[in-house]
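Peer 1: Sharing query_21.pdb (PDB, C-alpha atoms and all ligand atoms) below.
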```pdb
ATOM      1  CA  MET A  29     142.227 174.250 119.812
ATOM      2  CA  GLN A  30     140.904 174.406 116.239
ATOM      3  CA  PRO A  31     137.950 176.857 116.180
ATOM      4  CA  LYS A  32     134.637 175.576 114.777
ATOM      5  CA  LEU A  33     131.696 177.520 113.447
ATOM      6  CA  ILE A  34     128.162 176.868 112.199
ATOM      7  CA  ILE A  35     125.582 179.432 111.071
ATOM      8  CA  HIS A  36     122.028 179.367 109.744
ATOM      9  CA  GLY A  37     119.748 181.677 107.776
ATOM     10  CA  GLY A  38     116.454 179.905 108.459
ATOM     11  CA  ALA A  39     114.544 176.761 107.574
ATOM     12  CA  GLY A  40     111.394 176.081 105.614
ATOM     13  CA  SER A  41     110.215 175.379 102.091
ATOM     14  CA  SER A  42     112.680 174.359  99.396
ATOM     15  CA  LEU A  43     114.613 176.942  97.432
ATOM     16  CA  LYS A  44     113.699 177.004  93.781
ATOM     17  CA  GLY A  45     116.318 175.119  91.768
ATOM     18  CA  LYS A  46     120.069 175.277  92.061
ATOM     19  CA  GLY A  47     120.145 178.990  91.264
ATOM     20  CA  GLY A  48     118.281 179.763  94.479
ATOM     21  CA  ALA A  49     120.638 177.683  96.571
ATOM     22  CA  GLU A  50     123.626 179.387  94.943
ATOM     23  CA  ILE A  51     122.431 182.869  95.910
ATOM     24  CA  VAL A  52     121.839 181.907  99.552
ATOM     25  CA  ARG A  53     125.126 179.947  99.615
ATOM     26  CA  ARG A  54     127.055 183.069  98.576
ATOM     27  CA  SER A  55     125.477 185.033 101.431
ATOM     28  CA  LEU A  56     126.168 182.331 104.024
ATOM     29  CA  TYR A  57     129.750 181.686 102.838
ATOM     30  CA  ALA A  58     130.599 185.401 102.998
ATOM     31  CA  VAL A  59     129.496 185.419 106.649
ATOM     32  CA  ILE A  60     131.154 182.143 107.589
ATOM     33  CA  GLU A  61     134.472 183.153 106.030
ATOM     34  CA  GLN A  62     134.570 186.564 107.729
ATOM     35  CA  THR A  63     133.472 185.178 111.090
ATOM     36  CA  TYR A  64     135.847 182.221 110.979
ATOM     37  CA  ALA A  65     138.741 184.601 110.210
ATOM     38  CA  LYS A  66     137.921 186.407 113.476
ATOM     39  CA  LEU A  67     138.080 183.131 115.414
ATOM     40  CA  GLN A  68     141.397 182.268 113.772
ATOM     41  CA  ASN A  69     142.755 185.666 114.774
ATOM     42  CA  GLY A  70     141.948 184.905 118.406
ATOM     43  CA  ALA A  71     138.447 186.340 118.863
ATOM     44  CA  ASN A  72     136.521 184.621 121.638
ATOM     45  CA  ALA A  73     133.333 182.690 120.870
ATOM     46  CA  VAL A  74     131.025 185.415 122.221
ATOM     47  CA  ASP A  75     132.589 188.148 120.059
ATOM     48  CA  ALA A  76     132.578 185.900 116.992
ATOM     49  CA  VAL A  77     128.891 185.087 117.511
ATOM     50  CA  ILE A  78     127.974 188.773 117.895
ATOM     51  CA  TYR A  79     129.964 189.601 114.755
ATOM     52  CA  GLY A  80     128.439 186.768 112.696
ATOM     53  CA  CYS A  81     124.898 187.624 113.841
ATOM     54  CA  GLN A  82     125.442 191.273 112.879
ATOM     55  CA  LEU A  83     126.563 190.292 109.385
ATOM     56  CA  LEU A  84     123.490 188.082 108.964
ATOM     57  CA  GLU A  85     121.202 190.779 110.398
ATOM     58  CA  ASP A  86     122.649 193.247 107.877
ATOM     59  CA  ASP A  87     121.927 190.935 104.919
ATOM     60  CA  PRO A  88     118.409 191.877 103.735
ATOM     61  CA  ARG A  89     117.917 188.361 102.387
ATOM     62  CA  PHE A  90     117.419 186.966 105.902
ATOM     63  CA  ASN A  91     114.592 187.536 108.360
ATOM     64  CA  ALA A  92     116.531 189.361 111.097
ATOM     65  CA  GLY A  93     117.611 192.991 111.393
ATOM     66  CA  THR A  94     117.390 194.553 107.913
ATOM     67  CA  GLY A  95     114.882 192.495 105.917
ATOM     68  CA  SER A  96     112.821 191.436 108.928
ATOM     69  CA  VAL A  97     109.244 190.427 108.226
ATOM     70  CA  LEU A  98     106.284 192.597 109.190
ATOM     71  CA  GLN A  99     103.768 191.632 111.851
ATOM     72  CA  SER A 100      99.988 191.730 111.299
ATOM     73  CA  ASP A 101      99.813 195.463 112.068
ATOM     74  CA  GLY A 102     102.562 196.273 109.543
ATOM     75  CA  GLN A 103     105.235 196.890 112.186
ATOM     76  CA  ILE A 104     108.611 195.176 112.534
ATOM     77  CA  ARG A 105     109.418 193.772 115.982
ATOM     78  CA  MET A 106     112.638 191.833 116.346
ATOM     79  CA  SER A 107     114.004 189.446 118.954
ATOM     80  CA  ALA A 108     117.545 188.236 119.627
ATOM     81  CA  ALA A 109     119.471 186.241 122.211
ATOM     82  CA  LEU A 110     123.083 185.603 123.110
ATOM     83  CA  MET A 111     124.330 182.833 125.373
ATOM     84  CA  ASN A 112     127.838 182.665 126.744
ATOM     85  CA  GLY A 113     128.341 178.908 127.178
ATOM     86  CA  ASN A 114     131.373 179.252 129.394
ATOM     87  CA  LEU A 115     129.463 181.374 131.929
ATOM     88  CA  GLN A 116     126.161 179.644 131.046
ATOM     89  CA  ARG A 117     124.658 183.117 130.823
ATOM     90  CA  PHE A 118     121.671 184.001 128.655
ATOM     91  CA  SER A 119     120.631 187.508 127.582
ATOM     92  CA  GLY A 120     118.025 188.668 125.112
ATOM     93  CA  VAL A 121     115.723 191.265 123.721
ATOM     94  CA  ILE A 122     112.080 190.628 122.744
ATOM     95  CA  ASN A 123     110.020 192.551 120.170
ATOM     96  CA  VAL A 124     112.330 195.533 119.779
ATOM     97  CA  SER A 125     111.776 198.073 116.967
ATOM     98  CA  ARG A 126     113.819 200.619 115.005
ATOM     99  CA  ILE A 127     117.261 199.174 115.600
ATOM    100  CA  LYS A 128     119.831 197.890 113.098
ATOM    101  CA  ASN A 129     121.320 195.073 115.155
ATOM    102  CA  PRO A 130     119.165 193.564 117.916
ATOM    103  CA  ILE A 131     122.040 191.179 118.788
ATOM    104  CA  GLN A 132     123.993 194.212 120.040
ATOM    105  CA  ILE A 133     121.371 194.838 122.710
ATOM    106  CA  ALA A 134     121.443 191.176 123.725
ATOM    107  CA  ALA A 135     125.249 191.532 123.945
ATOM    108  CA  TYR A 136     124.970 194.672 126.101
ATOM    109  CA  LEU A 137     122.556 192.871 128.443
ATOM    110  CA  GLN A 138     125.130 190.114 129.095
ATOM    111  CA  GLU A 139     126.714 192.441 131.674
ATOM    112  CA  SER A 140     123.424 193.690 133.115
ATOM    113  CA  ASP A 141     121.526 192.447 136.189
ATOM    114  CA  ASP A 142     118.333 192.445 134.107
ATOM    115  CA  ARG A 143     119.231 190.258 131.168
ATOM    116  CA  VAL A 144     116.075 189.898 129.073
ATOM    117  CA  LEU A 145     114.200 193.054 128.070
ATOM    118  CA  SER A 146     111.008 193.401 126.046
ATOM    119  CA  ASP A 147     109.501 196.157 123.862
ATOM    120  CA  HIS A 148     109.111 199.296 126.056
ATOM    121  CA  GLY A 149     112.065 198.485 128.293
ATOM    122  CA  ALA A 150     114.241 197.701 125.305
ATOM    123  CA  LEU A 151     113.257 200.983 123.659
ATOM    124  CA  GLU A 152     114.114 202.891 126.835
ATOM    125  CA  LEU A 153     117.516 201.178 126.920
ATOM    126  CA  LEU A 154     118.150 202.114 123.264
ATOM    127  CA  ARG A 155     117.443 205.745 124.159
ATOM    128  CA  GLU A 156     119.666 205.575 127.237
ATOM    129  CA  LEU A 157     122.524 204.123 125.178
ATOM    130  CA  GLY A 158     121.975 206.646 122.369
ATOM    131  CA  VAL A 159     121.606 203.869 119.792
ATOM    132  CA  PRO A 160     120.646 205.553 116.509
ATOM    133  CA  SER A 161     117.141 204.847 115.265
ATOM    134  CA  PHE A 162     117.137 202.569 112.194
ATOM    135  CA  ASP A 163     114.290 201.388 109.980
ATOM    136  CA  PRO A 164     114.951 197.741 108.987
ATOM    137  CA  LEU A 165     112.069 197.702 106.482
ATOM    138  CA  THR A 166     112.851 196.553 102.937
ATOM    139  CA  GLU A 167     110.648 197.018  99.890
ATOM    140  CA  ILE A 168     110.222 193.299  99.308
ATOM    141  CA  ARG A 169     109.008 192.679 102.873
ATOM    142  CA  LEU A 170     106.597 195.608 102.550
ATOM    143  CA  GLN A 171     105.206 194.181  99.302
ATOM    144  CA  GLU A 172     104.918 190.750 100.940
ATOM    145  CA  TRP A 173     102.839 192.294 103.766
ATOM    146  CA  ILE A 174     100.653 194.298 101.363
ATOM    147  CA  GLN A 175      99.947 191.099  99.434
ATOM    148  CA  GLU A 176      99.140 189.229 102.627
ATOM    149  CA  ARG A 177      96.855 192.015 103.805
ATOM    150  CA  ALA A 178      94.963 191.791 100.498
ATOM    151  CA  GLY A 179      94.510 188.076 101.188
ATOM    152  CA  ASN A 180      93.487 188.772 104.802
ATOM    153  CA  PHE A 181      96.703 187.204 106.137
ATOM    154  CA  SER A 182      95.921 183.702 104.904
ATOM    155  CA  HIS A 183      99.550 182.559 105.231
ATOM    156  CA  GLU A 184     100.705 181.468 108.628
ATOM    157  CA  MET A 185     104.048 183.193 108.159
ATOM    158  CA  ALA A 186     106.348 185.080 105.809
ATOM    159  CA  GLY A 187     108.919 183.770 103.312
ATOM    160  CA  VAL A 188     112.144 182.263 104.622
ATOM    161  CA  VAL A 189     114.307 184.420 102.380
ATOM    162  CA  ALA A 190     113.307 187.841 101.118
ATOM    163  CA  GLU A 191     113.283 186.877  97.464
ATOM    164  CA  LYS A 192     110.026 185.439  96.283
ATOM    165  CA  GLU A 193     111.555 183.863  93.226
ATOM    166  CA  LEU A 194     113.742 181.696  95.469
ATOM    167  CA  ILE A 195     111.071 179.819  97.366
ATOM    168  CA  GLU A 196     108.562 177.270  96.197
ATOM    169  CA  ASP A 197     105.703 178.903  98.074
ATOM    170  CA  ASN A 198     105.310 181.618 100.632
ATOM    171  CA  ALA A 199     105.698 179.424 103.691
ATOM    172  CA  GLY A 200     109.181 179.724 105.089
ATOM    173  CA  ARG A 201     110.547 180.264 108.537
ATOM    174  CA  GLY A 202     113.518 182.584 108.503
ATOM    175  CA  THR A 203     115.714 183.449 111.447
ATOM    176  CA  ILE A 204     119.489 183.631 111.719
ATOM    177  CA  GLY A 205     121.858 181.939 114.152
ATOM    178  CA  VAL A 206     125.563 181.469 114.883
ATOM    179  CA  VAL A 207     127.270 178.926 117.162
ATOM    180  CA  ALA A 208     131.048 179.119 117.698
ATOM    181  CA  LEU A 209     133.827 177.220 119.484
ATOM    182  CA  ASP A 210     136.932 179.374 119.993
ATOM    183  CA  GLN A 211     140.652 178.614 120.353
ATOM    184  CA  ASN A 212     140.237 178.300 124.126
ATOM    185  CA  GLY A 213     137.480 175.729 123.787
ATOM    186  CA  GLN A 214     134.722 178.125 124.805
ATOM    187  CA  ILE A 215     131.277 178.054 123.194
ATOM    188  CA  ALA A 216     128.682 180.738 122.476
ATOM    189  CA  ALA A 217     125.353 180.784 120.621
ATOM    190  CA  GLY A 218     123.363 183.676 119.160
ATOM    191  CA  THR A 219     119.992 183.838 117.391
ATOM    192  CA  SER A 220     118.088 186.777 115.882
ATOM    193  CA  THR A 221     114.708 187.001 114.147
ATOM    194  CA  GLY A 222     111.948 189.219 112.821
ATOM    195  CA  GLY A 223     109.501 186.519 113.998
ATOM    196  CA  LYS A 224     107.054 184.490 111.915
ATOM    197  CA  GLY A 225     105.638 187.399 109.975
ATOM    198  CA  PHE A 226     101.987 188.527 110.056
ATOM    199  CA  GLU A 227     101.677 187.465 113.698
ATOM    200  CA  ARG A 228      99.458 188.926 116.382
ATOM    201  CA  ILE A 229     100.926 191.942 118.205
ATOM    202  CA  GLY A 230     102.787 190.821 121.319
ATOM    203  CA  ARG A 231     103.527 187.298 120.067
ATOM    204  CA  VAL A 232     106.881 186.192 121.524
ATOM    205  CA  SER A 233     109.409 184.272 119.428
ATOM    206  CA  ASP A 234     111.436 181.263 120.599
ATOM    207  CA  SER A 235     114.630 183.035 119.504
ATOM    208  CA  ALA A 236     114.971 185.003 122.741
ATOM    209  CA  MET A 237     114.234 181.966 124.906
ATOM    210  CA  PRO A 238     116.490 179.049 125.930
ATOM    211  CA  ALA A 239     114.167 176.924 123.768
ATOM    212  CA  GLY A 240     115.615 178.630 120.675
ATOM    213  CA  ASN A 241     119.148 179.503 121.791
ATOM    214  CA  TYR A 242     121.175 177.766 124.491
ATOM    215  CA  ALA A 243     124.787 177.014 125.423
ATOM    216  CA  THR A 244     126.838 175.567 128.285
ATOM    217  CA  PRO A 245     130.600 174.864 128.526
ATOM    218  CA  LYS A 246     129.891 171.568 126.721
ATOM    219  CA  ALA A 247     127.620 172.514 123.789
ATOM    220  CA  GLY A 248     125.666 175.269 122.052
ATOM    221  CA  VAL A 249     122.570 175.227 119.813
ATOM    222  CA  SER A 250     120.573 177.779 117.780
ATOM    223  CA  CYS A 251     117.138 176.943 116.339
ATOM    224  CA  THR A 252     114.968 178.090 113.460
ATOM    225  CA  GLY A 253     111.472 177.203 112.323
ATOM    226  CA  ILE A 254     108.029 177.730 113.812
ATOM    227  CA  GLY A 255     108.663 179.307 117.194
ATOM    228  CA  GLU A 256     105.700 177.614 118.845
ATOM    229  CA  ASP A 257     107.011 174.196 117.740
ATOM    230  CA  ILE A 258     110.530 174.984 118.994
ATOM    231  CA  ILE A 259     109.117 176.125 122.350
ATOM    232  CA  ASN A 260     107.001 172.968 122.661
ATOM    233  CA  GLU A 261     110.135 170.845 122.156
ATOM    234  CA  CYS A 262     112.332 173.243 124.187
ATOM    235  CA  LEU A 263     114.726 172.202 121.445
ATOM    236  CA  ALA A 264     117.996 174.101 122.031
ATOM    237  CA  ALA A 265     118.076 173.405 125.775
ATOM    238  CA  ARG A 266     116.933 169.803 125.184
ATOM    239  CA  ILE A 267     119.852 169.025 122.857
ATOM    240  CA  VAL A 268     122.436 170.845 124.984
ATOM    241  CA  VAL A 269     121.311 169.237 128.270
ATOM    242  CA  ARG A 270     121.565 165.810 126.634
ATOM    243  CA  VAL A 271     125.193 166.582 125.750
ATOM    244  CA  ASP A 272     125.787 167.879 129.295
ATOM    245  CA  ASP A 273     124.476 164.557 130.581
ATOM    246  CA  GLY A 274     126.997 162.616 128.502
ATOM    247  CA  MET A 275     125.305 161.955 125.177
ATOM    248  CA  ALA A 276     127.437 162.606 122.067
ATOM    249  CA  LEU A 277     126.299 165.652 120.043
ATOM    250  CA  PRO A 278     125.118 163.709 116.935
ATOM    251  CA  GLN A 279     123.074 161.339 119.113
ATOM    252  CA  ALA A 280     121.594 164.273 121.073
ATOM    253  CA  PHE A 281     120.546 165.842 117.752
ATOM    254  CA  GLU A 282     119.219 162.541 116.414
ATOM    255  CA  LYS A 283     117.074 161.797 119.463
ATOM    256  CA  SER A 284     115.743 165.335 119.831
ATOM    257  CA  ILE A 285     114.956 165.853 116.146
ATOM    258  CA  ALA A 286     113.300 162.403 115.938
ATOM    259  CA  GLU A 287     111.086 163.386 118.865
ATOM    260  CA  ALA A 288     110.219 166.659 117.125
ATOM    261  CA  GLN A 289     109.437 164.776 113.914
ATOM    262  CA  LYS A 290     107.153 162.397 115.809
ATOM    263  CA  ASN A 291     105.339 165.406 117.245
ATOM    264  CA  GLN A 292     104.962 166.853 113.741
ATOM    265  CA  ARG A 293     106.980 169.960 114.471
ATOM    266  CA  GLU A 294     108.451 172.166 111.753
ATOM    267  CA  LEU A 295     111.917 173.290 112.750
ATOM    268  CA  GLY A 296     115.685 173.115 112.307
ATOM    269  CA  ALA A 297     118.710 173.411 114.591
ATOM    270  CA  ILE A 298     122.479 173.832 114.372
ATOM    271  CA  GLY A 299     125.051 173.175 117.091
ATOM    272  CA  LEU A 300     128.515 172.180 118.144
ATOM    273  CA  ASP A 301     130.233 170.769 121.218
ATOM    274  CA  ALA A 302     133.453 171.265 123.162
ATOM    275  CA  THR A 303     135.156 168.332 121.384
ATOM    276  CA  GLY A 304     134.757 170.178 118.063
ATOM    277  CA  ALA A 305     131.843 168.122 116.679
ATOM    278  CA  ILE A 306     129.388 170.093 114.538
ATOM    279  CA  ALA A 307     125.799 168.912 113.934
ATOM    280  CA  TRP A 308     122.555 170.047 112.360
ATOM    281  CA  GLY A 309     119.045 168.680 112.089
ATOM    282  CA  LYS A 310     115.667 169.515 110.610
ATOM    283  CA  THR A 311     112.121 168.308 110.250
ATOM    284  CA  SER A 312     111.377 171.025 107.646
ATOM    285  CA  GLU A 313     112.098 170.696 103.933
ATOM    286  CA  VAL A 314     115.292 172.742 103.944
ATOM    287  CA  LEU A 315     117.756 174.131 106.461
ATOM    288  CA  LEU A 316     119.875 177.054 105.283
ATOM    289  CA  ALA A 317     123.063 176.358 107.241
ATOM    290  CA  ALA A 318     126.813 176.497 106.582
ATOM    291  CA  TYR A 319     129.762 175.387 108.693
ATOM    292  CA  HIS A 320     133.556 175.745 108.936
ATOM    293  CA  THR A 321     135.626 172.950 110.485
ATOM    294  CA  GLY A 322     138.992 174.650 110.021
ATOM    295  CA  GLU A 323     139.718 172.366 107.089
ATOM    296  CA  LEU A 324     136.525 172.612 105.111
ATOM    297  CA  ILE A 325     133.488 174.770 104.546
ATOM    298  CA  GLY A 326     130.223 172.967 103.850
ATOM    299  CA  ASP A 327     126.512 173.636 103.820
ATOM    300  CA  THR A 328     123.122 171.964 104.094
ATOM    301  CA  LEU A 329     121.335 173.855 101.325
ATOM    302  CA  GLU A 330     120.701 170.904  99.055
ATOM    303  CA  TRP A 331     120.476 168.339 101.836
ATOM    304  CA  GLN A 332     117.098 166.698 101.415
ATOM    305  CA  ASP A 333     117.779 163.036 102.171
ATOM    306  CA  ALA A 334     115.849 160.884 104.592
ATOM    307  CA  ASN A 335     118.250 161.542 107.461
ATOM    308  CA  LEU A 336     117.015 164.039 110.002
ATOM    309  CA  ILE A 337     120.500 165.068 111.067
ATOM    310  CA  GLY A 338     124.026 165.551 109.723
ATOM    311  CA  CYS A 339     127.360 165.963 111.473
ATOM    312  CA  VAL A 340     131.029 166.665 110.831
ATOM    313  CA  SER A 341     134.046 167.288 113.057
TER
HETATM  314  N1  LIG A 401     111.691 180.942 114.993
HETATM  315  C1  LIG A 401     111.297 182.275 114.824
HETATM  316  C2  LIG A 401     109.918 182.545 115.225
HETATM  317  O1  LIG A 401     109.044 181.706 115.087
HETATM  318  O2  LIG A 401     109.681 183.621 115.701
END
```
Let me see the structure of the file written as structure tokens.
Ligand code: GLY
Peer 2:
Amino acid sequence: MQPKLIIHGGAGSSLKGKGGAEIVRRSLYAVIEQTYAKLQNGANAVDAVIYGCQLLEDDPRFNAGTGSVLQSDGQIRMSAALMNGNLQRFSGVINVSRIKNPIQIAAYLQESDDRVLSDHGALELLRELGVPSFDPLTEIRLQEWIQERAGNFSHEMAGVVAEKELIEDNAGRGTIGVVALDQNGQIAAGTSTGGKGFERIGRVSDSAMPAGNYATPKAGVSCTGIGEDIINECLAARIVVRVDDGMALPQAFEKSIAEAQKNQRELGAIGLDATGAIAWGKTSEVLLAAYHTGELIGDTLEWQDANLIGCVS
């Protein structure tokens, strides 16, 4: 079977001009090309998703791993989830600190009896596994927090990409995600985030919930946007369950995103199904996504038309 791949680096306010889109496009294409090569060389969907998420976490431009946003108390707490669609098995880590790749802990927990760990438990596991301590803080995110503190945290959240000159205003919703279909027709989805930015201590993101990341043997979805909105729509599971029940992927996206739009949510989602269809949708201004069909690489960076969804196969 021809492998398929879609990734995202967040959703939110528009990128300033074509130059902004070009910079983000380069980052996304580097990840999609390297990850797709793995799938072509026989990697399974789970391994490809872990690999792609790590690459996106390591890119300081995106709000996950290195370059994560700071919470209201100036600390970074990250969340990540991995779902093996074939086994329909979810694992995740919530509000973990001082680690380079939160997706690796989600991957480790796939084989554990306890599959979702939060702050203290996650930290204890990192110690047990001897994972080296890593500070994901970048200068630009620190400056962003200092500026927000001076303004008494008037913004609801941090910038979607860690380059102020690339966004129209400071209201973006970054997160990263990868959904893959491998040569054996198996699907996996992974999502990783630094959260909204400037949030209350203990706030839990959608990214390590089935609302933000979900997969079955038939479809997989990863979400981005305001976590509370994604949770209210239970968006990833909603789209995937519709496909499980027989709806085609584009229609499942269309119906679910239209419902979210009606409810005035601010979010985006990417996904694919076992037939090889790839789809994306958003209610926000932009969705930073790129896909690989085997024949072509495309992206959604300058997609701002009236349609709420797009698809390709
Ligand atoms: N979607 C990421 C967050 O709100 O935490």
Peer 1: Pick out the residues sitting within 8 Å of Thr203 of chain A, and hand them over as number ranges by chain; count only C-alpha atoms, and ignore anything fewer than 5 positions along from it in its own chain.
Peer 2: A: 36-39, 90-92, 188, 219-223, 252-253
Peer 1: What do you get, as a PDB file with C-alpha atoms, keeping the file's coordinate frame, if you spell out every residue that the PyMOL selection byres (((chain A and resi 126) around 8) and not hetatm) selects here?
Peer 2:
```
ATOM      1  CA  ILE A 104     108.611 195.176 112.534  1.00  0.00           C
ATOM      2  CA  VAL A 124     112.330 195.533 119.779  1.00  0.00           C
ATOM      3  CA  SER A 125     111.776 198.073 116.967  1.00  0.00           C
ATOM      4  CA  ILE A 127     117.261 199.174 115.600  1.00  0.00           C
ATOM      5  CA  LYS A 128     119.831 197.890 113.098  1.00  0.00           C
ATOM      6  CA  SER A 161     117.141 204.847 115.265  1.00  0.00           C
ATOM      7  CA  PHE A 162     117.137 202.569 112.194  1.00  0.00           C
ATOM      8  CA  ASP A 163     114.290 201.388 109.980  1.00  0.00           C
ATOM      9  CA  PRO A 164     114.951 197.741 108.987  1.00  0.00           C
TER      10      PRO A 164
END
```
Peer 1: If the PyMOL selection byres (((not hetatm)) within 8 of (chain A and resi 401)) is run on the structure shown, which residues does it catch, given as a PyMOL selection string?
Peer 2: chain A and resi 107+201-203+221-225+232-235+240+251-256+258+295
Peer 1: Taking the file as shown, what set of residues would the PyMOL selection byres (((chain A and resi 289) around 12) and not hetatm) give back, as a list in words?
Peer 2: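 Selection result, ordered by chain and number: Asp257, Ile258, Glu261, Leu263, Phe281, Glu282, Lys283, Ser284, Ile285, Ala286, Glu287, Ala288, Lys290, Asn291, Gln292, Arg293, Glu294, Leu295, Gly296, Gly309, Lys310, Thr311, Ser312, Glu313, Ala334, Asn335, Leu336 and Ile337 of chain A.
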Peer 1: Using all atoms listed in the file, which of the listed residues (A:Ile229, A:Ala108, A:Ile168, A:Ala280) sits closest to Gly205 of chain A?
Peer 2: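 Checking each candidate against Gly205 of chain A, we get A:Ala108 as the closest.
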Peer 1: Between A:Asn114, A:Gln62, A:Ser119, A:Thr166, which residue has the minimum interatomic distance to Val97 of chain A, considering all atoms listed in the file?
Peer 2: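 Checking each of A:Asn114, A:Gln62, A:Ser119, A:Thr166 against Val97 of chain A, counting all atoms listed in the file, the winner is A:Thr166.
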Peer 1: Around all the atoms of segment 305-320 of chain A listed in the file, draw an axis-aligned box and extend it by 3 Å on each of the six sides; I want its centre and edge lengths in Å to one decimal, as JSON.
Peer 2:
```
{"center_x": 122.5, "center_y": 172.6, "center_z": 110.3, "size_x": 28.2, "size_y": 14.9, "size_z": 18.7}
```
Peer 1: Between A:Leu165, A:Leu315, A:Leu154, A:Val206, which has the minimum distance to Thr94 of chain A (counting all atoms listed in the file)?
Peer 2: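 Nearest candidate to Thr94 of chain A out of A:Leu165, A:Leu315, A:Leu154, A:Val206: A:Leu165.
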Peer 1: Find the residues of segment 287-333 of chain A that sit at most 12 Å from segment 267-275 of chain A; for each, write down the nearest two atoms and how far apart they are in Å, to one decimal. Count only C-alpha atoms. Sort by chain, then by number going up, and give it as CSV.
Peer 2:
```
residue,atom,partner,partner_atom,distance
A:Glu287,CA,A:Ile267,CA,11.2
A:Ala288,CA,A:Ile267,CA,11.5
A:Ala297,CA,A:Ile267,CA,9.4
A:Ile298,CA,A:Ile267,CA,10.1
A:Gly299,CA,A:Val268,CA,8.6
A:Leu300,CA,A:Val268,CA,9.2
A:Asp301,CA,A:Val271,CA,8.0
A:Ala302,CA,A:Val271,CA,9.8
A:Thr303,CA,A:Val271,CA,11.0
A:Ala305,CA,A:Val271,CA,11.4
A:Ala307,CA,A:Ile267,CA,10.7
A:Trp308,CA,A:Ile267,CA,10.9
A:Gly309,CA,A:Ile267,CA,10.8
```
Peer 1: Restricting the calculation to only C-alpha atoms: of A:Leu115, A:Leu33, A:Leu67, A:Ala208, which residue gets closest to Ile325 of chain A?
Peer 2: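 Using only C-alpha atoms, the shortest distance to Ile325 of chain A belongs to A:Leu33.
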Peer 1: Expressed in Å to a single decimal, how great is the separation between atom CA of Cys339 of chain A and atom CA of Val314 of chain A?
Peer 2: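 Spanning atom CA of Cys339 of chain A to atom CA of Val314 of chain A is a straight-line distance of 15.8 Å.
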Peer 1: Identify which of the residues A:Leu277, A:Leu324, A:Ala109, A:Pro238 lies closest to Asn260 of chain A, counting only C-alpha atoms when measuring atom-to-atom distances.
Peer 2: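 Checking each of A:Leu277, A:Leu324, A:Ala109, A:Pro238 against Asn260 of chain A, counting only C-alpha atoms, the winner is A:Pro238.
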Peer 1: Any idea what's packed within 10 Å of Cys81 of chain A, counting all atoms listed in the file, ignoring anything in its chain fewer than 4 positions away? Could you give it as an NGL selection string?
Peer 2: :A and (35-37 or 59 or 63 or 75-77 or 85-87 or 92-93 or 108 or 110 or 129-132 or 204-207 or 217-220)
Peer 1: May I ask for the distance between atom CA of Ile51 of chain A and atom CA of Glu227 of chain A, given in Å to one decimal place?
Peer 2: 27.7 Å
Peer 1: Atom CA of Pro31 of chain A and atom CA of Val249 of chain A, how far apart in Å?
Peer 2: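 Computing the Euclidean distance for atom CA of Val249 of chain A and atom CA of Pro31 of chain A yields 15.9 Å.
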Peer 1: Which residue, A:Ile306, A:Leu137, A:Met106, A:Leu170, has the smallest gap to Phe118 of chain A when you use all atoms listed in the file?
Peer 2: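 Of the candidates, the smallest distance to Phe118 of chain A is held by A:Leu137.
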Peer 1: Quick one: residues within 12 Å of Ala71 of chain A, all atoms listed in the file counted, chain neighbours fewer than 6 positions away excluded, as a PyMOL selection string?
Peer 2: chain A and resi 31+62-65+77-80+208-216
Peer 1: Please reconstruct the missing atoms of segment 146-153 of chain A (target: N, CA, C and O atoms) and return them as an mmCIF file, in the coordinates of the input.
Peer 2:
```cif
data_model
loop_
_atom_site.group_PDB
_atom_site.id
_atom_site.type_symbol
_atom_site.label_atom_id
_atom_site.label_comp_id
_atom_site.auth_asym_id
_atom_site.auth_seq_id
_atom_site.Cartn_x
_atom_site.Cartn_y
_atom_site.Cartn_z
ATOM 1 N N SER A 146 111.985 193.415 127.136
ATOM 2 C CA SER A 146 111.008 193.401 126.046
ATOM 3 C C SER A 146 110.690 194.827 125.605
ATOM 4 O O SER A 146 111.218 195.792 126.169
ATOM 5 N N ASP A 147 109.817 194.945 124.629
ATOM 6 C CA ASP A 147 109.501 196.157 123.862
ATOM 7 C C ASP A 147 109.779 197.520 124.520
ATOM 8 O O ASP A 147 110.735 198.190 124.172
ATOM 9 N N HIS A 148 108.948 197.941 125.517
ATOM 10 C CA HIS A 148 109.111 199.296 126.056
ATOM 11 C C HIS A 148 110.453 199.454 126.771
ATOM 12 O O HIS A 148 111.143 200.458 126.624
ATOM 13 N N GLY A 149 110.807 198.430 127.546
ATOM 14 C CA GLY A 149 112.065 198.485 128.293
ATOM 15 C C GLY A 149 113.253 198.510 127.351
ATOM 16 O O GLY A 149 114.246 199.218 127.585
ATOM 17 N N ALA A 150 113.146 197.740 126.275
ATOM 18 C CA ALA A 150 114.241 197.701 125.305
ATOM 19 C C ALA A 150 114.379 199.063 124.633
ATOM 20 O O ALA A 150 115.497 199.563 124.446
ATOM 21 N N LEU A 151 113.242 199.671 124.313
ATOM 22 C CA LEU A 151 113.257 200.983 123.659
ATOM 23 C C LEU A 151 113.895 202.031 124.579
ATOM 24 O O LEU A 151 114.702 202.863 124.148
ATOM 25 N N GLU A 152 113.538 201.951 125.863
ATOM 26 C CA GLU A 152 114.114 202.891 126.835
ATOM 27 C C GLU A 152 115.638 202.705 126.911
ATOM 28 O O GLU A 152 116.385 203.673 126.948
ATOM 29 N N LEU A 153 116.073 201.449 126.880
ATOM 30 C CA LEU A 153 117.516 201.178 126.920
ATOM 31 C C LEU A 153 118.199 201.743 125.672
ATOM 32 O O LEU A 153 119.286 202.329 125.763
#
```
